[in-house]
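Down below is the structure, laid out as structure tokens.
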Amino acid sequence: MTPAWAQLGYLVAAVCFIVALKGLSSPKNARRGNLIGAAGAVLACVIVFFATDIQHLLPILAAIAAGTAIGVLGAYRVQMTQMPQLVALFNGVGGGAAAIVAIIELTELPNGAAPVFELIVTAFTIVVGSVSFAGSVVTFLKLQELMTTRPVVFAGYPVLYALGLLAAVAFSVGLVIAPSLIFAVLLAVVGAALGVLLVLPVGGADVPIVISLLNAFTGLTVAASGYLLENILLLIAGTLVGSAGTLLTRLMANAMGRSLINILFGALKGGSTLGATTMSDRPVKSAGPADVAILLAYAQRVIIVPGYGLAVAQAQHTLRQLVDLLQERGVRVDYAIHPVAGRMPGHMNVLLAEAQVPYEQLKEMDEIDPEFKQADVALVVGANDVVNPAAETTPGAPIYGMPILHANQARQVVFLKRSMRPGFAGIENELLFEPTTTLLFGDAKDTMSKLLAELKALTV
């Protein structure tokens, strides 16, 4: 039985997790919330060592040391553009760990006397944890572009998926009726196959939504593991992650303007995320840094739309300097943050916070979108799909129905792009060809530096 002091410690850790989630809901408090959550996790781990009669202590400590080394190294080396991939891997590791724990617990159940509900929970944890692990690995490969980011479909896919679901149900029933390691392993294999099949048809801008869904899966498996291990803290933590992941998935799907079913399986009937990567030869208007600097210098209202290209170029610090200089000239500047800008929710908030951008300048879509009509210049830096009018004008487009930032309503649009290549959704941006749009080609950081130098020359 868990000592009273340990239960009290677990309660403190659970409160830390709840407070951490609250803190993470705001960019201003996100760092503090993250530290509070980490402190709760450390406290929970320490309690286990003092409240439990642990066997095989040295292998456990060795595993913790190895995991800590890998985590610290990864945290220092990972680039801001690779955060979604890192989150995907974390999801997968959590789901896989929960599945392994369930299999180990199965081997320790008394023969012929295992409670039915406990066996049902075990089967659930194995299959869902395996789905989360394998699916997260595929999302990592897609985001890292180690495999195509476009939907992968093939003849007979629905039949294969249906057979996989039936096999999962059959092996789960077999595990409950006749508990054995063979059924557990078969269930894990089928779950992993289902995870791969779940993510393969998803492509383009929908991949981050699947990461959020798999995060919810992992939370549910952790909660189920808490039941199997009779650990209330795991049950609480898993429930928090599962509910938060589910809510985030719904919010992201709404931000994309589509249902989750359409996101997961739309490619099977013609491609909700398919897109076309061909480029037209329509003319566009371009300019140099000097011309754009003049346009910005004499504007009264500028709205900046950041995107993934800003993260790739690591140009957030130069952008902050540019905005500071504009404000010194009396220009009112805000950042328009789309819910799915970048590769995951909050990607742009974290990126700009790294450059010490004041939180009050970061405006969410619903708040800033009506103000584009009063803006002299909309400066689009590395964003693409989130300002593409095709979301409203082209039925059948991968992003059709997705709410966008109406940068096209500004008096002038300056679009910083490396090339004319389409965005992550794989379609051309109609905004590029509008008469009020001026393109400034080049790497965002290099272009921004030149723009900053030209603006400083005008200021002097």
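We label chains A, B, ... in the order they appear in the structure tokens, count residues from 1 in each chain, and number ligands from 1 in the order shown.
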
(message) Neighbouring residues of Ala253 of chain A were defined as those with any atom within 10 Å, considering only C-alpha atoms; residues of the same chain fewer than 3 positions away were excluded. Please report them as a list in words.
(response)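 Within the cut-off, the hits are Asp206, Ile209, Val210, Leu247, Leu248, Thr249, Arg250, Met256, Gly257, Arg258, Ser259, Leu260, Ile261, Asn262, Ile263, Val340 and Met402 of chain A.
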
Counting only C-alpha atoms, give me one row per residue of segment 38-110 of chain A with an atom at most 10 Å from an atom of segment 144-159 of chain A, showing the shortest contact pair and its distance in Å to one decimal, sorted by chain then residue number, as a tab-separated table.
residue	atom	partner	partner_atom	distance
A:Thr81	CA	A:Gln144	CA	9.7
A:Gln82	CA	A:Gln144	CA	7.6
A:Pro84	CA	A:Gln144	CA	9.2
A:Gln85	CA	A:Gln144	CA	6.7
A:Leu86	CA	A:Gln144	CA	9.9

Written selection (N, CA and C atoms) as a PDB file, in the first residue's frame:
ATOM      1  N   THR A  81      12.605  24.589 -36.047  1.00  0.00           N
ATOM      2  CA  THR A  81      11.817  24.020 -37.140  1.00  0.00           C
ATOM      3  C   THR A  81      11.553  22.526 -36.947  1.00  0.00           C
ATOM      4  N   GLN A  82      12.303  21.895 -36.039  1.00  0.00           N
ATOM      5  CA  GLN A  82      12.166  20.457 -35.833  1.00  0.00           C
ATOM      6  C   GLN A  82      11.369  20.109 -34.581  1.00  0.00           C
ATOM      7  N   PRO A  84       8.088  20.065 -34.058  1.00  0.00           N
ATOM      8  CA  PRO A  84       6.980  19.123 -34.277  1.00  0.00           C
ATOM      9  C   PRO A  84       7.457  17.676 -34.384  1.00  0.00           C
ATOM     10  N   GLN A  85       8.599  17.464 -35.052  1.00  0.00           N
ATOM     11  CA  GLN A  85       9.142  16.105 -35.147  1.00  0.00           C
ATOM     12  C   GLN A  85       9.489  15.577 -33.756  1.00  0.00           C
ATOM     13  N   LEU A  86      10.068  16.441 -32.918  1.00  0.00           N
ATOM     14  CA  LEU A  86      10.439  16.031 -31.566  1.00  0.00           C
ATOM     15  C   LEU A  86       9.199  15.660 -30.763  1.00  0.00           C
TER      16      LEU A  86
END

Closest atom pairs, segment 177-294 of chain A residues within 10 Å of segment 117-134 of chain A, only C-alpha atoms, as CSV:
residue,atom,partner,partner_atom,distance
A:Ile177,CA,A:Leu119,CA,8.7
A:Ala178,CA,A:Leu119,CA,9.7
A:Pro179,CA,A:Leu119,CA,7.7
A:Phe183,CA,A:Ala123,CA,9.2
A:Ala184,CA,A:Ile126,CA,7.2
A:Val185,CA,A:Ile126,CA,8.7
A:Leu186,CA,A:Val127,CA,9.5
A:Leu187,CA,A:Val127,CA,5.9
A:Ala188,CA,A:Ser130,CA,5.6
A:Val189,CA,A:Ser130,CA,7.5
A:Val190,CA,A:Val127,CA,7.4
A:Gly191,CA,A:Val127,CA,4.6
A:Ala192,CA,A:Ser130,CA,4.8
A:Ala193,CA,A:Ala134,CA,7.3
A:Leu194,CA,A:Val131,CA,6.0
A:Gly195,CA,A:Val131,CA,3.9
A:Val196,CA,A:Ala134,CA,5.7
A:Leu197,CA,A:Ala134,CA,9.3
A:Leu198,CA,A:Val131,CA,8.3
A:Val199,CA,A:Ala134,CA,9.0
A:Ile211,CA,A:Ser132,CA,9.2
A:Leu213,CA,A:Ser132,CA,8.9
A:Leu214,CA,A:Ser132,CA,5.3
A:Asn215,CA,A:Ser132,CA,7.5
A:Ala216,CA,A:Ser132,CA,8.9
A:Phe217,CA,A:Ser132,CA,6.1
A:Thr218,CA,A:Ser132,CA,6.1
A:Gly219,CA,A:Gly129,CA,9.3
A:Leu220,CA,A:Thr125,CA,8.0
A:Thr221,CA,A:Thr125,CA,5.0
A:Val222,CA,A:Thr125,CA,8.0
A:Ala223,CA,A:Thr125,CA,8.9
A:Ala224,CA,A:Thr125,CA,6.2
A:Ser225,CA,A:Thr125,CA,7.0
A:Tyr227,CA,A:Val121,CA,8.1
A:Leu228,CA,A:Glu118,CA,6.9

(request) Identify which of the residues A:Phe50, A:Tyr335, A:Phe372, A:Phe90 lies closest to Ala407 of chain A, counting only C-alpha atoms when measuring atom-to-atom distances. (result)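 Ranked by minimum distance to Ala407 of chain A, first place goes to A:Phe372.
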
(message) Taking 3 positions as the minimum chain separation for residues in the same chain, which residues sit within 12 Å of Ser449 of chain A when counting only C-alpha atoms? Answer as a VMD selection string.
(response) chain A and resid 289 to 290 293 313 to 322 442 to 446 452 to 456

Keeping only C-alpha atoms, write those residues as a compact mmCIF listing (two decimals), in the first residue's frame.
# COMPACT_ATOMS: atom_id res chain seq x y z
CA PRO A 289 14.75 45.62 -50.45
CA ALA A 290 15.09 49.37 -51.08
CA ALA A 293 11.84 49.60 -47.17
CA ALA A 313 15.50 30.90 -41.93
CA GLN A 314 15.86 31.65 -38.18
CA ALA A 315 15.01 35.25 -39.04
CA GLN A 316 12.89 36.03 -35.97
CA HIS A 317 15.59 38.18 -34.31
CA THR A 318 16.15 40.27 -37.43
CA LEU A 319 12.40 40.65 -37.82
CA ARG A 320 12.17 41.91 -34.24
CA GLN A 321 14.84 44.54 -35.01
CA LEU A 322 12.94 45.59 -38.13
CA GLY A 442 15.40 35.38 -51.15
CA ASP A 443 16.22 33.70 -47.86
CA ALA A 444 14.10 35.39 -45.19
CA LYS A 445 17.03 36.16 -42.88
CA ASP A 446 19.21 37.57 -45.65
CA LEU A 452 16.71 46.44 -42.09
CA ALA A 453 19.82 48.12 -43.54
CA GLU A 454 17.73 50.05 -46.10
CA LEU A 455 15.30 51.14 -43.40
CA LYS A 456 18.11 52.34 -41.18

(request) Taking the chain letters and numbering used in this document, name the residues of segment 110-300 of chain A that DSSP puts in alpha helix (DSSP H), as number ranges by chain. (result) A: 116-143, 157-177, 181-199, 207-229, 232-256, 260-265, 289-297

(message) Residues near Ala287 of chain A, anyone? I mean within 8 Å using only C-alpha atoms, not counting same-chain ones fewer than 3 positions away, as a PyMOL selection string.
(response) chain A and resi 291-292+438-440

Any chance you can output those residues with C-alpha atoms as an mmCIF file, in the first residue's frame?
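Ended up saving to selection.cif:
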data_model
loop_
_atom_site.group_PDB
_atom_site.id
_atom_site.type_symbol
_atom_site.label_atom_id
_atom_site.label_comp_id
_atom_site.auth_asym_id
_atom_site.auth_seq_id
_atom_site.Cartn_x
_atom_site.Cartn_y
_atom_site.Cartn_z
ATOM 1 C CA ASP A 291 11.610 49.676 -52.597
ATOM 2 C CA VAL A 292 10.010 47.597 -49.853
ATOM 3 C CA THR A 438 4.784 42.548 -54.250
ATOM 4 C CA LEU A 439 7.224 39.661 -53.915
ATOM 5 C CA LEU A 440 10.620 40.003 -52.274
#

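Closest to Leu43 of chain A among A:Ala97, A:Ala102, A:Leu58, A:Leu233 is A:Leu233, based on only C-alpha atoms.
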
(request) Select, from A:Thr107, A:Gly346, A:Cys45, A:Ser26, the residue with the minimum atom-to-atom distance to Ile182 of chain A, counting only C-alpha atoms. (result)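 Among A:Thr107, A:Gly346, A:Cys45, A:Ser26, it is A:Thr107 that comes nearest to Ile182 of chain A.
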
(message) Taking only C-alpha atoms into account, name the residue in A:Ile368, A:Leu351, A:Ala341, A:Ala98 that is nearest to Gln79 of chain A.
(response)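 Nearest to Gln79 of chain A: A:Leu351.
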
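With distances restricted to only C-alpha atoms, A:Met420 is the closest residue to Val284 of chain A from A:Ala390, A:Leu166, A:Met420, A:Leu310.
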
(request) Select from segment 147-365 of chain A everything DSSP, run on the backbone, classes as strand (DSSP E), then give the selection as a ChimeraX atom specification. (result) /A:301-306,332-337,362-364

(request) May I have the residues within 9 Å of segment 29-39 of chain A as a list in words, using only C-alpha atoms and disregarding those fewer than 6 positions away in the same chain? (result)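 Skipping anything fewer than 6 positions along the chain leaves Ala13, Ala14, Cys16, Phe17, Ile18, Val19, Ala20, Leu21, Lys22 and Gly23 of chain A.
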